[in-house]
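Only one structure is covered here, and it is reproduced in the block below.
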Amino acid sequence: MNRILFVCHGNICRSPMAEFIFKKMVKEQGREADFYIESAGVSDEEYGNPIYPPAKRCMNKHEVVFDASKRARTMTRHDYDAFDLIIIMDESNRRWLRYIIGEDTCHKVRMMMSYVGEYRDVADPWYSGDFERTYQDITRACEALLKHF
């Protein structure tokens, strides 16, 4: 089983979108038994909060089913040991991760957009308000990620 953790800053926008978009793709391919998928944040400032309403609206628009009880959680050192792959949304996440896990000695941390050959951040809708652009970035990257397995 491939254990994947999607990570963003607060775990209310980008990483839960990636979690549920990837789960949808995996389900559509009938490969749910091949994956365990979660999301988390590097910060605890949103801890316990639900997915941000505009992110929910965007997923609903694209018929991405999500768990309405999903609450933001903060990544831990244990997560580094428990997951095979940790996919971050931006370089800021990588800097924050160093405080949580130290060095990525097992080479588990990857940038989301690297799966489509782009070495840039996933568009952050918290600042832009453009959840559609974020959805498109994440969808493209998740499609490419799934092809790796």
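Ordering of the structure tokens sets the chain letters (A, B, ...); residue numbers start at 1 within each chain; ligands are numbered from 1 in the order shown.
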Quick one: which region 35-128 of chain A residues come within 8 Å of region 4-26 of chain A, and what is the nearest atom pair for each with the distance in Å to one decimal, counting only C-alpha atoms, rows ordered by chain and ascending number, as a Markdown table?
```
| residue | atom | partner | partner_atom | distance |
| --- | --- | --- | --- | --- |
| A:Phe35 | CA | A:Ile4 | CA | 7.4 |
| A:Tyr36 | CA | A:Ile4 | CA | 6.2 |
| A:Ile37 | CA | A:Ile4 | CA | 5.0 |
| A:Glu38 | CA | A:Leu5 | CA | 5.0 |
| A:Ser39 | CA | A:Phe6 | CA | 4.5 |
| A:Ala40 | CA | A:Val7 | CA | 5.1 |
| A:Gly41 | CA | A:Asn11 | CA | 4.4 |
| A:Val42 | CA | A:His9 | CA | 5.1 |
| A:Ser43 | CA | A:Gly10 | CA | 5.5 |
| A:Asp44 | CA | A:Gly10 | CA | 6.8 |
| A:Glu45 | CA | A:Gly10 | CA | 6.6 |
| A:Glu46 | CA | A:Gly10 | CA | 5.4 |
| A:Tyr47 | CA | A:Gly10 | CA | 7.4 |
| A:Asn49 | CA | A:Ile12 | CA | 7.2 |
| A:Pro50 | CA | A:Ile12 | CA | 6.5 |
| A:Ile51 | CA | A:Ile12 | CA | 4.4 |
| A:Tyr52 | CA | A:Ile12 | CA | 5.3 |
| A:Ala55 | CA | A:Cys13 | CA | 5.7 |
| A:Met59 | CA | A:Met17 | CA | 7.2 |
| A:Val64 | CA | A:Ile21 | CA | 6.2 |
| A:Val65 | CA | A:Phe20 | CA | 6.8 |
| A:Phe66 | CA | A:Phe20 | CA | 5.7 |
| A:Arg71 | CA | A:Ile12 | CA | 7.8 |
| A:Ala72 | CA | A:Asn11 | CA | 5.0 |
| A:Arg73 | CA | A:Asn11 | CA | 6.6 |
| A:Thr74 | CA | A:Asn11 | CA | 7.7 |
| A:Met75 | CA | A:Val7 | CA | 7.8 |
| A:Phe83 | CA | A:Ile4 | CA | 5.8 |
| A:Asp84 | CA | A:Ile4 | CA | 6.1 |
| A:Leu85 | CA | A:Ile4 | CA | 4.9 |
| A:Ile86 | CA | A:Leu5 | CA | 4.8 |
| A:Ile87 | CA | A:Phe6 | CA | 4.8 |
| A:Ile88 | CA | A:Val7 | CA | 4.8 |
| A:Met89 | CA | A:Cys8 | CA | 5.4 |
| A:Asp90 | CA | A:Cys8 | CA | 7.3 |
| A:Asn93 | CA | A:Cys8 | CA | 6.2 |
| A:Val122 | CA | A:Arg14 | CA | 7.9 |
| A:Asp124 | CA | A:Arg14 | CA | 7.2 |
| A:Pro125 | CA | A:Cys13 | CA | 7.5 |
| A:Trp126 | CA | A:Cys13 | CA | 7.5 |
```
Write to file, as a compact mmCIF listing (two decimals), in the first residue's frame, the residues of the selection just made, with N, CA and C atoms.
```txt
# COMPACT_ATOMS: atom_id res chain seq x y z
N PHE A 35 -3.86 2.47 -1.95
CA PHE A 35 -3.44 3.75 -1.37
C PHE A 35 -4.08 4.03 -0.02
N TYR A 36 -3.33 4.72 0.82
CA TYR A 36 -3.85 5.36 2.02
C TYR A 36 -3.47 6.83 1.87
N ILE A 37 -4.47 7.71 1.90
CA ILE A 37 -4.27 9.12 1.56
C ILE A 37 -4.82 10.01 2.66
N GLU A 38 -4.01 10.98 3.09
CA GLU A 38 -4.42 11.96 4.09
C GLU A 38 -3.83 13.32 3.71
N SER A 39 -4.18 14.32 4.51
CA SER A 39 -3.56 15.63 4.37
C SER A 39 -3.33 16.24 5.75
N ALA A 40 -2.41 17.20 5.80
CA ALA A 40 -2.07 17.87 7.05
C ALA A 40 -1.47 19.23 6.71
N GLY A 41 -1.27 20.03 7.75
CA GLY A 41 -0.64 21.33 7.59
C GLY A 41 0.66 21.39 8.36
N VAL A 42 1.49 22.37 8.03
CA VAL A 42 2.73 22.56 8.77
C VAL A 42 2.54 23.51 9.94
N SER A 43 1.44 24.22 9.94
CA SER A 43 1.13 25.18 11.01
C SER A 43 -0.05 24.68 11.82
N ASP A 44 -0.12 25.09 13.07
CA ASP A 44 -1.27 24.70 13.88
C ASP A 44 -2.32 25.81 13.99
N GLU A 45 -2.15 26.89 13.24
CA GLU A 45 -3.07 28.02 13.37
C GLU A 45 -4.48 27.72 12.91
N GLU A 46 -4.68 26.73 12.07
CA GLU A 46 -6.03 26.35 11.63
C GLU A 46 -6.49 25.05 12.27
N TYR A 47 -5.70 24.52 13.20
CA TYR A 47 -5.98 23.22 13.81
C TYR A 47 -7.46 23.10 14.24
N ASN A 49 -10.09 23.32 12.40
CA ASN A 49 -11.04 24.01 11.53
C ASN A 49 -11.42 23.13 10.34
N PRO A 50 -12.64 23.33 9.81
CA PRO A 50 -13.06 22.56 8.64
C PRO A 50 -12.40 23.08 7.37
N ILE A 51 -12.60 22.36 6.29
CA ILE A 51 -12.12 22.82 4.99
C ILE A 51 -12.74 24.19 4.72
N TYR A 52 -11.95 25.09 4.19
CA TYR A 52 -12.37 26.46 3.91
C TYR A 52 -13.55 26.44 2.93
N ALA A 55 -13.06 26.45 -0.84
CA ALA A 55 -12.46 25.20 -1.33
C ALA A 55 -13.54 24.13 -1.47
N MET A 59 -14.66 22.20 -4.95
CA MET A 59 -14.72 20.74 -5.09
C MET A 59 -16.13 20.29 -5.47
N VAL A 64 -16.13 16.63 -6.76
CA VAL A 64 -15.14 15.95 -5.92
C VAL A 64 -15.79 15.74 -4.56
N VAL A 65 -16.02 14.50 -4.22
CA VAL A 65 -16.63 14.17 -2.93
C VAL A 65 -15.57 14.33 -1.84
N PHE A 66 -15.95 15.00 -0.76
CA PHE A 66 -15.02 15.17 0.36
C PHE A 66 -15.74 14.85 1.65
N ARG A 71 -11.17 17.85 9.47
CA ARG A 71 -10.69 18.98 10.26
C ARG A 71 -9.18 19.11 10.07
N ALA A 72 -8.72 20.34 10.07
CA ALA A 72 -7.29 20.60 9.89
C ALA A 72 -6.49 19.97 11.02
N ARG A 73 -5.37 19.39 10.64
CA ARG A 73 -4.45 18.84 11.62
C ARG A 73 -3.05 19.24 11.23
N THR A 74 -2.17 19.17 12.20
CA THR A 74 -0.78 19.54 11.99
C THR A 74 0.07 18.29 11.80
N MET A 75 0.95 18.33 10.83
CA MET A 75 1.85 17.21 10.59
C MET A 75 2.76 17.02 11.80
N PHE A 83 4.29 7.72 6.59
CA PHE A 83 3.93 7.89 5.18
C PHE A 83 5.13 7.64 4.28
N ASP A 84 4.83 7.11 3.08
CA ASP A 84 5.88 6.83 2.10
C ASP A 84 6.26 8.06 1.30
N LEU A 85 5.30 8.95 1.13
CA LEU A 85 5.48 10.12 0.28
C LEU A 85 4.77 11.30 0.92
N ILE A 86 5.47 12.42 1.01
CA ILE A 86 4.91 13.64 1.57
C ILE A 86 4.98 14.70 0.48
N ILE A 87 3.83 15.12 0.01
CA ILE A 87 3.77 16.04 -1.12
C ILE A 87 3.39 17.42 -0.62
N ILE A 88 4.31 18.36 -0.81
CA ILE A 88 4.11 19.72 -0.32
C ILE A 88 3.65 20.64 -1.45
N MET A 89 2.96 21.70 -1.05
CA MET A 89 2.39 22.63 -2.03
C MET A 89 3.34 23.77 -2.39
N ASP A 90 4.27 24.10 -1.50
CA ASP A 90 5.18 25.20 -1.80
C ASP A 90 6.48 25.10 -1.00
N ASN A 93 6.36 25.43 2.77
CA ASN A 93 6.05 24.18 3.48
C ASN A 93 7.32 23.40 3.79
N VAL A 122 2.11 25.41 -5.90
CA VAL A 122 0.71 25.32 -6.28
C VAL A 122 0.10 26.67 -5.96
N ASP A 124 -1.78 29.51 -4.48
CA ASP A 124 -2.37 29.57 -3.14
C ASP A 124 -3.63 30.43 -3.15
N PRO A 125 -4.80 29.80 -3.04
CA PRO A 125 -6.05 30.55 -3.12
C PRO A 125 -6.34 31.39 -1.89
N TRP A 126 -5.62 31.14 -0.80
CA TRP A 126 -5.82 31.93 0.41
C TRP A 126 -5.54 33.40 0.12
```
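Distances here use only C-alpha atoms; by that measure, the residue among A:His62, A:Arg94, A:Arg57, A:Tyr99 closest to Arg77 (chain A) is A:Tyr99.
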Subject >> One-decimal distance in Å that lies between CA of Arg95 (chain A) and CA of Asn2 (chain A) >> reply: 24.7 Å
**OP:** From chain A, collect each residue whose DSSP state is strand (DSSP E) and return the set as a VMD selection string.
**Re:** chain A and resid 2 to 8 35 to 41 85 to 88 109 to 111
For the residues selected in the previous step, produce a file with N, CA and C atoms as a compact mmCIF listing (two decimals), in the first residue's frame.
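What follows is the written file again06.txt:
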```txt
# COMPACT_ATOMS: atom_id res chain seq x y z
N ASN A 2 0.51 2.21 -0.81
CA ASN A 2 1.23 3.47 -0.91
C ASN A 2 0.57 4.48 0.03
N ARG A 3 1.34 4.98 0.97
CA ARG A 3 0.82 5.92 1.97
C ARG A 3 1.29 7.33 1.61
N ILE A 4 0.32 8.18 1.23
CA ILE A 4 0.62 9.52 0.74
C ILE A 4 0.00 10.57 1.65
N LEU A 5 0.80 11.58 2.00
CA LEU A 5 0.34 12.70 2.81
C LEU A 5 0.55 13.98 2.02
N PHE A 6 -0.55 14.70 1.77
CA PHE A 6 -0.48 16.00 1.10
C PHE A 6 -0.38 17.07 2.19
N VAL A 7 0.52 18.03 2.00
CA VAL A 7 0.78 19.03 3.04
C VAL A 7 0.75 20.44 2.46
N CYS A 8 0.05 21.33 3.17
CA CYS A 8 0.09 22.76 2.87
C CYS A 8 0.27 23.50 4.19
N PHE A 35 -3.86 2.47 -1.95
CA PHE A 35 -3.44 3.75 -1.37
C PHE A 35 -4.08 4.03 -0.02
N TYR A 36 -3.33 4.72 0.82
CA TYR A 36 -3.85 5.36 2.02
C TYR A 36 -3.47 6.83 1.87
N ILE A 37 -4.47 7.71 1.90
CA ILE A 37 -4.27 9.12 1.56
C ILE A 37 -4.82 10.01 2.66
N GLU A 38 -4.01 10.98 3.09
CA GLU A 38 -4.42 11.96 4.09
C GLU A 38 -3.83 13.32 3.71
N SER A 39 -4.18 14.32 4.51
CA SER A 39 -3.56 15.63 4.37
C SER A 39 -3.33 16.24 5.75
N ALA A 40 -2.41 17.20 5.80
CA ALA A 40 -2.07 17.87 7.05
C ALA A 40 -1.47 19.23 6.71
N GLY A 41 -1.27 20.03 7.75
CA GLY A 41 -0.64 21.33 7.59
C GLY A 41 0.66 21.39 8.36
N LEU A 85 5.30 8.95 1.13
CA LEU A 85 5.48 10.12 0.28
C LEU A 85 4.77 11.30 0.92
N ILE A 86 5.47 12.42 1.01
CA ILE A 86 4.91 13.64 1.57
C ILE A 86 4.98 14.70 0.48
N ILE A 87 3.83 15.12 0.01
CA ILE A 87 3.77 16.04 -1.12
C ILE A 87 3.39 17.42 -0.62
N ILE A 88 4.31 18.36 -0.81
CA ILE A 88 4.11 19.72 -0.32
C ILE A 88 3.65 20.64 -1.45
N VAL A 109 9.94 13.83 0.73
CA VAL A 109 9.26 15.10 0.46
C VAL A 109 9.44 15.51 -0.99
N ARG A 110 8.30 15.79 -1.64
CA ARG A 110 8.29 16.20 -3.05
C ARG A 110 7.37 17.39 -3.23
N MET A 111 7.72 18.26 -4.15
CA MET A 111 6.85 19.38 -4.52
C MET A 111 5.74 18.87 -5.43
```
**OP:** Find the distance between CA of Tyr127 (chain A) and CA of Met112 (chain A) and write it in Å to one decimal.
**Re:** 18.5 Å
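Our summary of the geometry notes that CA of Gly129 (chain A) is positioned 23.9 Å from CA of Tyr115 (chain A).
Remark: for Lys56 (chain A), the closest of the candidate residues A:Glu28, A:Glu143, A:Glu132, A:Asp79 is A:Glu132 (distances computed over only C-alpha atoms).
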Original post:
Where in region 36-149 of chain A does DSSP assign alpha helix (DSSP H), given as a VMD selection string?
Top reply: chain A and resid 53 to 61 77 to 82 91 to 101 125 to 128 131 to 147
Original post:
Using only C-alpha atoms, which residues sit within 12 Å of Thr105 (chain A) once same-chain residues fewer than 5 positions away are excluded, as number ranges by chain?
Top reply: A: 80-81, 98
